[in-house]
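One file, model_1.txt, is given below (compact mmCIF, C-alpha atoms).
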# COMPACT_ATOMS: atom_id res chain seq x y z
CA MET A 7 44.78 -11.14 0.47
CA HIS A 8 42.65 -13.49 -1.64
CA ASN A 9 40.71 -11.72 -4.39
CA ASN A 10 37.44 -13.48 -3.43
CA ASN A 11 37.48 -11.62 -0.12
CA ILE A 12 37.74 -8.22 -1.76
CA ALA A 13 34.60 -6.11 -2.13
CA VAL A 14 36.24 -3.04 -3.67
CA LYS A 15 39.66 -2.83 -5.29
CA ILE A 16 40.78 0.66 -6.29
CA THR A 17 44.05 0.92 -8.20
CA ALA A 18 45.78 4.24 -8.90
CA VAL A 19 42.50 6.13 -9.34
CA SER A 20 42.70 9.82 -10.22
CA LYS A 21 39.85 12.16 -10.99
CA ARG A 22 40.08 15.60 -12.49
CA TYR A 23 37.24 18.12 -12.88
CA GLY A 24 38.63 20.68 -15.30
CA TYR A 25 41.55 22.24 -13.45
CA LEU A 26 40.61 20.68 -10.13
CA GLN A 27 42.35 17.45 -9.23
CA ALA A 28 39.81 15.79 -6.92
CA LEU A 29 41.66 12.47 -6.48
CA LYS A 30 45.36 11.75 -6.94
CA SER A 31 46.34 8.14 -7.59
CA VAL A 32 44.27 6.57 -4.82
CA SER A 33 44.73 2.83 -4.26
CA LEU A 34 42.72 0.88 -1.72
CA ARG A 35 41.37 -2.59 -1.03
CA ILE A 36 38.23 -3.05 1.02
CA LYS A 37 37.37 -6.50 2.32
CA LYS A 38 33.90 -8.00 2.17
CA GLY A 39 31.99 -7.41 5.38
CA GLU A 40 34.15 -4.43 6.34
CA PHE A 41 32.49 -1.30 7.78
CA LEU A 42 34.70 1.64 6.86
CA VAL A 43 34.49 5.42 6.98
CA PHE A 44 36.25 7.85 4.64
CA SER A 45 37.01 10.96 6.59
CA GLY A 46 38.70 14.26 5.90
CA PRO A 47 38.05 17.97 5.50
CA ASN A 48 35.72 19.47 2.89
CA GLY A 49 37.13 19.02 -0.60
CA ALA A 50 39.28 16.06 0.40
CA GLY A 51 37.73 13.85 -2.31
CA LYS A 52 35.49 11.65 -0.14
CA THR A 53 32.32 12.15 -2.17
CA THR A 54 34.17 11.80 -5.48
CA LEU A 55 35.66 8.50 -4.30
CA LEU A 56 32.25 7.27 -3.17
CA LYS A 57 30.66 8.28 -6.50
CA ILE A 58 33.38 6.45 -8.43
CA ILE A 59 32.81 3.31 -6.35
CA ALA A 60 29.05 3.73 -6.96
CA THR A 61 29.77 3.76 -10.74
CA HIS A 62 28.18 7.22 -10.96
CA ILE A 63 31.27 8.85 -12.37
CA SER A 64 34.24 7.30 -14.10
CA PRO A 65 37.80 7.99 -12.98
CA SER A 66 40.13 10.00 -15.21
CA SER A 67 42.66 7.20 -14.80
CA GLY A 68 43.03 3.99 -12.80
CA THR A 69 40.73 1.02 -12.29
CA VAL A 70 37.94 0.16 -9.89
CA LYS A 71 36.72 -3.37 -9.38
CA ILE A 72 33.54 -4.11 -7.44
CA PHE A 73 33.33 -7.75 -6.32
CA GLY A 74 35.87 -8.57 -9.03
CA ALA A 75 33.95 -6.90 -11.88
CA ASP A 76 35.01 -3.72 -13.66
CA ALA A 77 32.91 -0.92 -12.14
CA LEU A 78 32.58 0.85 -15.47
CA LYS A 79 31.07 -2.12 -17.26
CA GLY A 80 27.60 -3.42 -16.92
CA SER A 81 24.55 -2.38 -15.04
CA GLU A 82 24.69 -5.71 -13.20
CA THR A 83 27.29 -4.26 -10.80
CA ARG A 84 24.73 -1.65 -9.74
CA ARG A 85 22.43 -4.43 -8.54
CA ARG A 86 24.96 -5.06 -5.77
CA ILE A 87 25.34 -1.41 -4.73
CA GLY A 88 23.08 0.77 -2.59
CA LEU A 89 23.88 4.47 -2.51
CA VAL A 90 22.65 7.30 -0.29
CA THR A 91 24.03 10.76 -0.99
CA HIS A 92 23.37 14.12 0.66
CA GLU A 93 20.83 14.69 -2.14
CA SER A 94 17.60 12.74 -1.88
CA PHE A 95 16.79 10.47 -4.84
CA LEU A 96 13.08 10.55 -3.98
CA TYR A 97 10.43 12.40 -5.98
CA ASP A 98 8.64 15.11 -4.01
CA GLU A 99 5.24 14.61 -5.65
CA LEU A 100 5.11 10.87 -4.95
CA SER A 101 4.49 9.19 -1.61
CA ILE A 102 7.18 7.08 0.09
CA ARG A 103 5.31 3.99 -1.10
CA GLU A 104 5.17 5.16 -4.74
CA ASN A 105 8.84 6.12 -4.68
CA LEU A 106 9.91 2.81 -3.20
CA LEU A 107 7.72 0.81 -5.60
CA PHE A 108 9.25 2.66 -8.55
CA TYR A 109 12.74 1.55 -7.54
CA ALA A 110 11.59 -1.87 -6.30
CA ASN A 111 9.95 -2.75 -9.63
CA LEU A 112 13.13 -2.01 -11.52
CA PHE A 113 15.11 -4.24 -9.18
CA SER A 114 12.37 -6.95 -9.39
CA VAL A 115 11.68 -6.66 -5.65
CA LYS A 116 8.23 -7.18 -4.12
CA GLU A 117 6.70 -4.72 -1.67
CA GLU A 118 6.55 -7.28 1.18
CA ASP A 119 10.33 -7.74 0.91
CA PHE A 120 11.11 -4.21 2.10
CA LEU A 121 8.23 -3.53 4.50
CA ASP A 122 10.33 -4.73 7.47
CA THR A 123 12.93 -2.05 6.75
CA VAL A 124 10.16 0.57 6.41
CA ASP A 125 8.86 -0.53 9.80
CA PHE A 126 12.32 -0.66 11.42
CA LEU A 127 13.08 2.90 10.36
CA GLY A 128 9.73 4.14 11.67
CA LEU A 129 8.21 5.11 8.33
CA LYS A 130 5.00 3.07 8.44
CA ARG A 131 2.93 6.05 9.59
CA TRP A 132 4.24 8.18 6.72
CA TYR A 133 4.14 5.50 4.06
CA ASP A 134 1.44 7.12 1.90
CA VAL A 135 2.45 10.73 2.54
CA PRO A 136 4.02 12.69 -0.35
CA VAL A 137 7.75 13.09 0.18
CA LYS A 138 7.51 16.90 -0.06
CA GLN A 139 5.58 16.91 3.23
CA LEU A 140 8.29 15.00 5.12
CA SER A 141 10.95 16.44 7.42
CA HIS A 142 14.65 16.12 6.51
CA GLY A 143 15.10 13.19 8.90
CA LEU A 144 12.11 11.23 7.59
CA ARG A 145 13.19 11.88 4.02
CA LYS A 146 16.70 10.60 4.83
CA ARG A 147 15.25 7.45 6.38
CA ALA A 148 13.06 6.89 3.31
CA ASP A 149 16.09 7.40 1.09
CA ILE A 150 17.99 4.77 3.07
CA VAL A 151 15.14 2.28 2.53
CA ARG A 152 15.29 3.15 -1.17
CA ALA A 153 19.02 2.41 -1.28
CA LEU A 154 18.61 -0.90 0.54
CA ILE A 155 15.51 -2.04 -1.33
CA HIS A 156 17.37 -4.58 -3.45
CA ASN A 157 19.39 -5.94 -0.53
CA PRO A 158 22.75 -4.70 -1.87
CA ASP A 159 26.07 -6.25 -0.83
CA LEU A 160 27.83 -2.90 -0.87
CA ILE A 161 26.21 0.05 0.94
CA LEU A 162 27.58 3.54 0.30
CA LEU A 163 26.49 6.44 2.50
CA ASP A 164 27.59 10.01 1.85
CA GLU A 165 27.31 12.13 5.01
CA PRO A 166 24.38 10.06 6.34
CA PHE A 167 24.19 11.83 9.70
CA ALA A 168 24.38 15.42 8.46
CA GLY A 169 21.48 17.53 9.68
CA LEU A 170 19.79 14.71 11.59
CA ASP A 171 18.68 14.81 15.21
CA THR A 172 20.16 12.47 17.82
CA LYS A 173 17.14 10.16 17.81
CA THR A 174 17.33 9.62 14.05
CA CYS A 175 21.10 9.11 14.16
CA ASP A 176 20.64 6.48 16.90
CA LEU A 177 17.96 4.77 14.80
CA LEU A 178 20.26 4.63 11.77
CA ILE A 179 23.16 3.34 13.88
CA ASP A 180 20.91 0.60 15.32
CA TYR A 181 19.88 -0.33 11.81
CA PHE A 182 23.40 -0.52 10.40
CA LYS A 183 24.65 -2.39 13.46
CA SER A 184 21.97 -4.97 12.73
CA GLN A 185 23.61 -5.45 9.31
CA GLU A 186 26.97 -6.42 10.84
CA GLY A 187 27.90 -10.04 10.24
CA THR A 188 25.53 -10.36 7.27
CA GLY A 189 28.42 -10.13 4.81
CA LYS A 190 27.48 -6.66 3.66
CA THR A 191 30.18 -4.05 3.18
CA LEU A 192 29.47 -0.53 4.42
CA LEU A 193 31.36 2.56 3.28
CA ILE A 194 30.56 5.92 4.84
CA SER A 195 31.87 9.30 3.83
CA SER A 196 31.87 11.81 6.65
CA HIS A 197 33.92 14.78 7.81
CA SER A 198 32.91 14.05 11.38
CA LEU A 199 33.64 10.72 13.09
CA GLU A 200 31.27 11.32 16.01
CA TRP A 201 28.58 8.95 14.73
CA SER A 202 30.48 6.88 12.17
CA LYS A 203 32.89 5.42 14.73
CA LYS A 204 29.94 3.77 16.47
CA ILE A 205 29.42 1.45 13.50
CA CYS A 206 32.67 1.38 11.53
CA ASP A 207 35.77 -0.74 12.23
CA LYS A 208 38.19 1.44 10.37
CA VAL A 209 38.73 5.01 9.15
CA VAL A 210 40.57 5.98 5.96
CA MET A 211 41.74 9.59 6.10
CA LEU A 212 41.72 11.62 2.90
CA ASP A 213 43.18 15.06 2.29
CA LYS A 214 43.65 16.97 -0.98
CA GLY A 215 42.67 13.92 -3.01
CA LYS A 216 45.12 11.51 -1.36
CA ILE A 217 44.89 8.85 1.29
CA VAL A 218 46.89 10.21 4.22
CA GLY A 219 46.26 7.52 6.79
CA GLU A 220 44.28 4.49 7.94
CA MET A 221 43.31 3.64 11.45
CA ALA A 222 41.25 0.96 13.20
CA PHE A 223 38.78 2.10 15.85
CA MET B 16 9.50 -7.55 -21.48
CA ASN B 17 13.26 -7.14 -21.06
CA ILE B 18 14.82 -4.83 -18.48
CA PHE B 19 15.47 -2.09 -21.07
CA TRP B 20 11.82 -1.55 -22.00
CA GLN B 21 10.61 -2.31 -18.49
CA ALA B 22 12.87 0.47 -17.16
CA SER B 23 11.81 2.86 -19.94
CA PHE B 24 8.09 2.36 -19.31
CA ARG B 25 8.49 2.62 -15.52
CA ILE B 26 10.41 5.89 -15.89
CA ALA B 27 7.79 7.24 -18.29
CA GLU B 28 5.00 6.21 -15.92
CA LYS B 29 6.78 7.87 -12.99
CA ASP B 30 7.28 11.07 -15.00
CA LEU B 31 3.64 11.23 -16.08
CA ARG B 32 2.50 10.62 -12.53
CA THR B 33 4.70 13.40 -11.12
CA GLU B 34 3.74 15.74 -14.00
CA PHE B 35 0.00 15.35 -13.41
CA ARG B 36 0.44 15.67 -9.62
CA ARG B 37 2.07 19.01 -10.28
CA SER B 38 -0.78 19.89 -12.58
CA TYR B 39 0.10 23.58 -13.00
CA GLU B 40 2.77 22.74 -15.59
CA VAL B 41 0.43 20.67 -17.78
CA LEU B 42 -2.19 23.38 -17.35
CA SER B 43 0.27 26.07 -18.44
CA ILE B 44 1.09 24.08 -21.64
CA LEU B 45 -2.63 23.60 -22.35
CA THR B 46 -3.42 27.25 -21.61
CA PHE B 47 -0.67 28.37 -23.98
CA SER B 48 -1.81 25.97 -26.74
CA VAL B 49 -5.52 26.69 -26.56
CA GLY B 50 -4.94 30.41 -25.99
CA SER B 51 -2.76 30.59 -29.12
CA ILE B 52 -5.44 28.93 -31.25
CA LEU B 53 -8.05 31.36 -29.91
CA ILE B 54 -5.81 34.35 -30.68
CA CYS B 55 -5.18 33.03 -34.22
CA SER B 56 -8.92 32.50 -34.71
CA PHE B 57 -9.81 36.05 -33.59
CA ALA B 58 -6.93 37.58 -35.57
CA TRP B 59 -8.01 35.80 -38.76
CA GLY B 60 -11.62 36.94 -38.51
CA GLY B 61 -13.15 33.94 -36.75
CA GLY B 62 -15.81 33.13 -39.34
CA GLY B 63 -14.01 32.09 -42.52
CA VAL B 64 -12.15 28.87 -43.33
CA VAL B 65 -8.40 29.17 -42.69
CA GLU B 66 -6.09 28.14 -45.54
CA PRO B 67 -4.56 24.66 -45.01
CA GLU B 68 -0.95 25.95 -45.13
CA VAL B 69 -1.73 28.63 -42.54
CA ALA B 70 -3.60 26.22 -40.27
CA GLY B 71 -0.82 23.60 -40.56
CA ALA B 72 1.88 26.16 -39.77
CA ALA B 73 -0.10 27.56 -36.82
CA LEU B 74 -0.68 24.07 -35.39
CA TRP B 75 3.02 23.12 -35.53
CA ILE B 76 4.31 26.47 -34.26
CA ILE B 77 2.08 26.02 -31.22
CA LEU B 78 3.15 22.38 -30.78
CA PHE B 79 6.81 23.30 -31.12
CA PHE B 80 6.61 25.94 -28.41
CA ALA B 81 4.53 23.60 -26.24
CA SER B 82 7.29 21.01 -26.64
CA ILE B 83 9.91 23.56 -25.50
CA LEU B 84 7.82 24.09 -22.36
CA ALA B 85 7.59 20.31 -21.85
CA PHE B 86 11.27 19.50 -22.47
CA THR B 87 12.63 22.35 -20.38
CA THR B 88 11.81 20.19 -17.39
CA SER B 89 12.48 16.71 -18.79
CA PHE B 90 16.06 15.93 -17.71
CA THR B 91 16.73 19.35 -16.22
CA ARG B 92 14.41 18.83 -13.29
CA GLU B 93 16.06 15.48 -12.49
CA ALA B 94 19.48 17.13 -12.54
CA ASP B 95 18.36 20.16 -10.49
CA ARG B 96 16.63 18.10 -7.83
CA GLY B 97 19.38 15.49 -7.63
CA THR B 98 17.06 12.63 -8.58
CA LEU B 99 19.16 11.91 -11.67
CA GLY B 100 21.53 10.14 -9.29
CA GLY B 101 18.69 7.76 -8.42
CA LEU B 102 18.15 6.92 -12.08
CA LYS B 103 21.86 6.21 -12.38
CA THR B 104 21.61 3.62 -9.60
CA LEU B 105 19.12 1.60 -11.63
CA PRO B 106 20.31 -1.62 -13.24
CA CYS B 107 19.63 -0.41 -16.77
CA SER B 108 21.53 1.34 -19.54
CA PRO B 109 21.52 5.16 -19.85
CA LEU B 110 19.67 4.67 -23.12
CA ALA B 111 16.75 3.07 -21.26
CA ILE B 112 16.51 6.24 -19.15
CA LEU B 113 16.49 8.37 -22.32
CA PHE B 114 13.79 6.21 -23.93
CA GLY B 115 11.74 6.58 -20.75
CA LYS B 116 11.92 10.34 -21.21
CA ILE B 117 11.03 9.99 -24.90
CA ILE B 118 7.95 7.89 -24.10
CA TYR B 119 6.92 10.42 -21.44
CA GLY B 120 7.43 13.36 -23.84
CA THR B 121 5.48 11.64 -26.62
CA MET B 122 2.54 10.90 -24.33
CA LEU B 123 2.50 14.43 -22.92
CA LEU B 124 2.64 16.02 -26.38
CA PHE B 125 0.02 13.63 -27.73
CA PHE B 126 -2.25 14.60 -24.84
CA VAL B 127 -1.74 18.26 -25.76
CA GLU B 128 -2.51 17.43 -29.43
CA CYS B 129 -5.70 15.62 -28.42
CA VAL B 130 -6.88 18.85 -26.79
CA LEU B 131 -5.45 21.19 -29.40
CA ILE B 132 -6.77 19.53 -32.58
CA PRO B 133 -10.50 19.67 -31.66
CA PHE B 134 -10.04 23.33 -30.68
CA SER B 135 -8.30 23.96 -34.02
CA ILE B 136 -11.14 22.27 -35.92
CA ILE B 137 -13.71 24.44 -34.15
CA PHE B 138 -11.92 27.80 -34.08
CA LEU B 139 -10.02 27.61 -37.38
CA ASN B 140 -13.07 26.12 -39.13
CA LEU B 141 -11.13 23.14 -40.48
CA ASP B 142 -13.09 20.72 -42.66
CA LEU B 143 -11.50 17.33 -42.10
CA SER B 144 -14.53 15.22 -43.12
CA GLY B 145 -13.31 11.80 -41.95
CA ARG B 146 -9.60 12.57 -42.10
CA PHE B 147 -9.36 13.25 -38.35
CA PRO B 148 -7.54 9.90 -37.67
CA ASP B 149 -5.06 10.74 -40.48
CA LEU B 150 -4.31 14.11 -38.92
CA LEU B 151 -4.00 12.53 -35.49
CA PHE B 152 -1.54 9.96 -36.88
CA VAL B 153 0.63 12.66 -38.48
CA CYS B 154 0.54 14.65 -35.24
CA LEU B 155 1.49 11.53 -33.24
CA LEU B 156 4.46 10.84 -35.50
CA GLY B 157 5.49 14.50 -35.24
CA ALA B 158 5.19 14.28 -31.43
CA VAL B 159 7.48 11.22 -31.48
CA GLY B 160 10.01 13.21 -33.54
CA LEU B 161 9.84 16.23 -31.24
CA SER B 162 10.21 13.94 -28.22
CA PHE B 163 13.31 12.26 -29.63
CA ALA B 164 14.92 15.62 -30.36
CA GLY B 165 13.63 17.36 -27.20
CA SER B 166 14.61 14.61 -24.76
CA PHE B 167 18.06 14.25 -26.29
CA VAL B 168 18.75 18.00 -26.20
CA SER B 169 17.31 18.23 -22.67
CA GLY B 170 19.84 15.55 -21.64
CA LEU B 171 22.67 17.36 -23.42
CA VAL B 172 22.09 20.70 -21.71
CA MET B 173 21.03 19.56 -18.24
CA PHE B 174 24.38 20.33 -16.59
CA SER B 175 24.87 23.65 -18.39
CA GLU B 176 24.24 27.10 -17.04
CA GLY B 177 21.47 28.89 -18.94
CA LYS B 178 20.02 25.50 -19.88
CA THR B 179 16.55 26.89 -20.67
CA LEU B 180 17.95 29.34 -23.21
CA LEU B 181 20.29 26.71 -24.66
CA LEU B 182 17.45 24.21 -25.01
CA SER B 183 15.28 26.68 -26.90
CA PHE B 184 18.11 27.66 -29.25
CA LEU B 185 19.26 24.11 -29.92
CA LEU B 186 15.76 22.75 -30.45
CA ILE B 187 15.03 25.09 -33.37
CA PRO B 188 17.64 23.67 -35.80
CA ILE B 189 17.43 20.10 -34.46
CA CYS B 190 13.64 20.00 -34.79
CA MET B 191 13.60 21.33 -38.36
CA PRO B 192 13.70 17.82 -39.91
CA VAL B 193 10.61 17.02 -37.79
CA LEU B 194 8.76 20.27 -38.30
CA LEU B 195 9.11 20.60 -42.08
CA PRO B 196 7.60 17.21 -43.06
CA SER B 197 5.03 17.49 -40.26
CA VAL B 198 3.84 20.91 -41.47
CA MET B 199 3.71 19.70 -45.09
CA ALA B 200 1.82 16.51 -44.20
CA THR B 201 -0.61 18.44 -41.97
CA LYS B 202 -1.22 20.99 -44.76
CA GLU B 203 -1.96 18.18 -47.25
CA ILE B 204 -4.38 16.40 -44.91
CA ILE B 205 -6.23 19.58 -43.98
CA GLY B 206 -6.34 20.41 -47.70
CA GLY B 207 -8.15 17.15 -48.51
CA SER B 208 -5.41 14.53 -49.08
CA GLY B 209 -5.44 11.10 -47.44
CA ILE B 210 -2.63 9.47 -45.47
CA THR B 211 -1.37 7.61 -48.57
CA GLU B 212 -0.60 10.95 -50.24
CA VAL B 213 1.71 12.11 -47.47
CA VAL B 214 3.94 9.02 -47.46
CA PRO B 215 7.04 10.97 -48.70
CA GLU B 216 6.76 13.37 -45.75
CA LEU B 217 6.28 10.48 -43.34
CA ARG B 218 9.33 8.75 -44.85
CA LEU B 219 11.41 11.87 -44.20
CA LEU B 220 10.18 11.94 -40.62
CA THR B 221 11.03 8.25 -40.16
CA ALA B 222 14.50 8.81 -41.63
CA PHE B 223 15.11 11.56 -39.07
CA LEU B 224 13.99 9.25 -36.26
CA LEU B 225 16.44 6.57 -37.42
CA LEU B 226 19.27 9.10 -37.68
CA ILE B 227 18.73 10.63 -34.25
CA THR B 228 18.36 7.14 -32.72
CA ALA B 229 21.77 6.20 -34.15
CA ILE B 230 23.30 9.39 -32.71
CA MET B 231 21.69 8.75 -29.32
CA VAL B 232 22.89 5.13 -29.18
CA LEU B 233 26.45 6.22 -29.92
CA THR B 234 26.62 9.22 -27.58
CA PHE B 235 24.08 9.15 -24.76
CA GLU B 236 26.19 7.03 -22.42
CA PHE B 237 28.61 9.98 -22.12
CA VAL B 238 25.82 12.55 -21.72
CA LEU B 239 24.75 11.24 -18.30
CA GLU B 240 28.27 11.62 -16.93
CA GLU B 241 28.54 14.84 -14.89

Written form, structure tokens:
Amino acid sequence: MHNNNIAVKITAVSKRYGYLQALKSVSLRIKKGEFLVFSGPNGAGKTTLLKIIATHISPSSGTVKIFGADALKGSETRRRIGLVTHESFLYDELSIRENLLFYANLFSVKEEDFLDTVDFLGLKRWYDVPVKQLSHGLRKRADIVRALIHNPDLILLDEPFAGLDTKTCDLLIDYFKSQEGTGKTLLISSHSLEWSKKICDKVVMLDKGKIVGEMAF
Amino acid sequence: MNIFWQASFRIAEKDLRTEFRRSYEVLSILTFSVGSILICSFAWGGGGVVEPEVAGAALWIILFFASILAFTTSFTREADRGTLGGLKTLPCSPLAILFGKIIYGTMLLFFVECVLIPFSIIFLNLDLSGRFPDLLFVCLLGAVGLSFAGSFVSGLVMFSEGKTLLLSFLLIPICMPVLLPSVMATKEIIGGSGITEVVPELRLLTAFLLLITAIMVLTFEFVLEE
């Protein structure tokens, strides 16, 4: 496989939290444009793997390359990554607009560049409402806009469908389906494949910190 | 402006905006500060002029405890609410995030000083006669020092259990190099000296700022790691 086609290259990555071995020598190559889901039971290491790819935590050993660059070096890599975790990165006291502008300014993005996404995800009506007044689903949608604000090439979603109603899940699936063929790479971490299989091409199964299988949908 | 300072100022602006939206925390710092000055004033008789060393010490004890209130929430709130992860997604160095917190802390403490000093002048009967800008300058420099120390310690303890207690305990020794010259300079200015006569104290304060900056540059990258 040619290196130019690789979005993420993980080589012998292990991660230890004190006595807990979260990942054990995980190696994986993810092609550009691939939509993939990491699945497995609780504590399998899905979130840890996603956080390492997102450059949020460093591995105890092994290497991670994002689009050919060392994930541990340089904030420039983060310009190409959009991350949504189960925790919201939005500030309760600020409105959706203020939150998004805070992130947009730091990525040198103008407001008009992300208004389409705000509209697509049905947030226009809530745009000036403080985040603390929003429901879980609306907050999740706003967080997804925040993660995509800088048009990242690599989108990482940790349990994106957890706690959402069917309508919101369908809306998110429609949105991510619209991103297929744009060259973006999508990695989802989820213990349930019910929703993820509607958008992903492949599932990588994790258990006890190891990759135990791969399967195409 | 390069990305480092742009990120720092944006983070500081965001923090100030959220702090003043949740106005009860700023109000609690102001209530504590003004209330303490009033208690000191009543306890010391109210009418007479307070000795410069007593007034200087009172002012900095109040500012120190106000800074503990302010820095308890600096990084800790980001870690508790999960928004620290958002800051880590930004295309800037961890040091830019820390400087954002330092700018925010300095502005918040300076705001508190701007309220506290006039109250001190009135209720402690301080005669500054034209040296108000000198006192404000010393207080600003002290606020910068407290912010450097407070923000750094707040970052260090944010993932610990009992972080509030740890922050208070750690701030006392770490802030000593800020508090001692600040108290001495404040005492001199209240006692009638000009800014040129407190240069040695200001030099000591500046030396501390340089030292803690060097420590932060060398270590803060590892502090943000969970």

Residues of chain B near chain A: apply a cut-off of 8 Å, count all atoms listed in the file, and supply the list as a list in words.
->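 Contact residues on the first chain: Ile18, Gln21, Ala22, Arg25, Lys29, Thr33, Arg36, Arg37, Arg96, Gly97, Thr98, Leu99, Gly100, Gly101, Lys103, Thr104, Leu105, Pro106, Cys107, Ser108, Glu240 and Glu241 of chain B.
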
Which residue of A:Gly46, A:Gly128, A:Pro158, A:Gly219 approaches A:Ala13 most closely, using all atoms listed in the file |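 Among A:Gly46, A:Gly128, A:Pro158, A:Gly219, it is A:Pro158 that comes nearest to A:Ala13.
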
Give me, please, the distance in Å between atom CA of A:Ala222 and atom CA of A:Ser67, quoted to one decimal.
-> 28.7 Å

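Our summary of the geometry notes that atom CA of B:Ala58 is positioned 20.7 Å from atom CA of B:Val198.
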
Point (-18.1, 25.6, -36.0) neighbourhood (12 Å, all atoms listed in the file) written as a PyMOL selection string | chain B and resi 56+61-64+133-142

Just write the chosen residues, C-alpha atoms, as a PDB file, in the frame of the given file.
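again-v8.pdb was written with the following content:
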ATOM      1  CA  SER B  56      -8.920  32.500 -34.710  1.00  0.00           C
ATOM      2  CA  GLY B  61     -13.150  33.940 -36.750  1.00  0.00           C
ATOM      3  CA  GLY B  62     -15.810  33.130 -39.340  1.00  0.00           C
ATOM      4  CA  GLY B  63     -14.010  32.090 -42.520  1.00  0.00           C
ATOM      5  CA  VAL B  64     -12.150  28.870 -43.330  1.00  0.00           C
ATOM      6  CA  PRO B 133     -10.500  19.670 -31.660  1.00  0.00           C
ATOM      7  CA  PHE B 134     -10.040  23.330 -30.680  1.00  0.00           C
ATOM      8  CA  SER B 135      -8.300  23.960 -34.020  1.00  0.00           C
ATOM      9  CA  ILE B 136     -11.140  22.270 -35.920  1.00  0.00           C
ATOM     10  CA  ILE B 137     -13.710  24.440 -34.150  1.00  0.00           C
ATOM     11  CA  PHE B 138     -11.920  27.800 -34.080  1.00  0.00           C
ATOM     12  CA  LEU B 139     -10.020  27.610 -37.380  1.00  0.00           C
ATOM     13  CA  ASN B 140     -13.070  26.120 -39.130  1.00  0.00           C
ATOM     14  CA  LEU B 141     -11.130  23.140 -40.480  1.00  0.00           C
ATOM     15  CA  ASP B 142     -13.090  20.720 -42.660  1.00  0.00           C
TER      16      ASP B 142
END

What separation in Å, quoted to one decimal, exists between atom CA of A:Lys15 and atom CA of A:Ile58?
->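 Here the two named atoms are 11.6 Å from each other.
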
Using all atoms listed in the file, determine which residues lie at most 10 Å from A:Leu140, disregarding the query and same-chain residues fewer than 6 positions distant; provide the list as number ranges by chain.
-> A: 98, 101-102, 132, 146, 148

Could you please give me, as a PDB file with C-alpha atoms, keeping the file's coordinate frame, the residues of protein, DNA or RNA lying at most 7 Å from (13.7, 7.7, 13.8) in the coordinate frame of the file, considering only C-alpha atoms?
ATOM      1  CA  LEU A 127      13.080   2.900  10.360  1.00  0.00           C
ATOM      2  CA  GLY A 128       9.730   4.140  11.670  1.00  0.00           C
ATOM      3  CA  LYS A 173      17.140  10.160  17.810  1.00  0.00           C
ATOM      4  CA  THR A 174      17.330   9.620  14.050  1.00  0.00           C
ATOM      5  CA  LEU A 177      17.960   4.770  14.800  1.00  0.00           C
TER       6      LEU A 177
END

Determine the axis-aligned bounding box of all atoms of stretch 65-80 of chain B present in the file, pad each side by 3 Å, and express its centre and edge lengths in Å to one decimal place as lines of an AutoDock Vina configuration file.
center_x = -0.8
center_y = 25.8
center_z = -37.0
size_x = 21.2
size_y = 12.8
size_z = 23.1

Near B:Val214, within 12 Å and counting all atoms listed in the file, which residues show up once chain neighbours fewer than 5 positions away are dropped, as a PDB file with C-alpha atoms, in the frame of the given file?
ATOM      1  CA  ASP B 149      -5.060  10.740 -40.480  1.00  0.00           C
ATOM      2  CA  PHE B 152      -1.540   9.960 -36.880  1.00  0.00           C
ATOM      3  CA  VAL B 153       0.630  12.660 -38.480  1.00  0.00           C
ATOM      4  CA  PRO B 196       7.600  17.210 -43.060  1.00  0.00           C
ATOM      5  CA  SER B 197       5.030  17.490 -40.260  1.00  0.00           C
ATOM      6  CA  MET B 199       3.710  19.700 -45.090  1.00  0.00           C
ATOM      7  CA  ALA B 200       1.820  16.510 -44.200  1.00  0.00           C
ATOM      8  CA  THR B 201      -0.610  18.440 -41.970  1.00  0.00           C
ATOM      9  CA  GLU B 203      -1.960  18.180 -47.250  1.00  0.00           C
ATOM     10  CA  ILE B 204      -4.380  16.400 -44.910  1.00  0.00           C
ATOM     11  CA  SER B 208      -5.410  14.530 -49.080  1.00  0.00           C
ATOM     12  CA  GLY B 209      -5.440  11.100 -47.440  1.00  0.00           C
ATOM     13  CA  LEU B 219      11.410  11.870 -44.200  1.00  0.00           C
ATOM     14  CA  LEU B 220      10.180  11.940 -40.620  1.00  0.00           C
ATOM     15  CA  THR B 221      11.030   8.250 -40.160  1.00  0.00           C
TER      16      THR B 221
END

May I have the residues within 7 Å of stretch 24-36 of chain A as a short mmCIF file (atom, residue, chain, number, x, y, z; two decimals) with C-alpha atoms, keeping the file's coordinate frame, using all atoms listed in the file and disregarding those fewer than 6 positions away in the same chain?
data_model
loop_
_atom_site.label_atom_id
_atom_site.label_comp_id
_atom_site.auth_asym_id
_atom_site.auth_seq_id
_atom_site.Cartn_x
_atom_site.Cartn_y
_atom_site.Cartn_z
CA ILE A 12 37.74 -8.22 -1.76
CA ALA A 13 34.60 -6.11 -2.13
CA VAL A 14 36.24 -3.04 -3.67
CA LYS A 15 39.66 -2.83 -5.29
CA ILE A 16 40.78 0.66 -6.29
CA THR A 17 44.05 0.92 -8.20
CA ALA A 18 45.78 4.24 -8.90
CA GLY A 51 37.73 13.85 -2.31
CA GLY A 215 42.67 13.92 -3.01
CA LYS A 216 45.12 11.51 -1.36
CA ILE A 217 44.89 8.85 1.29
#
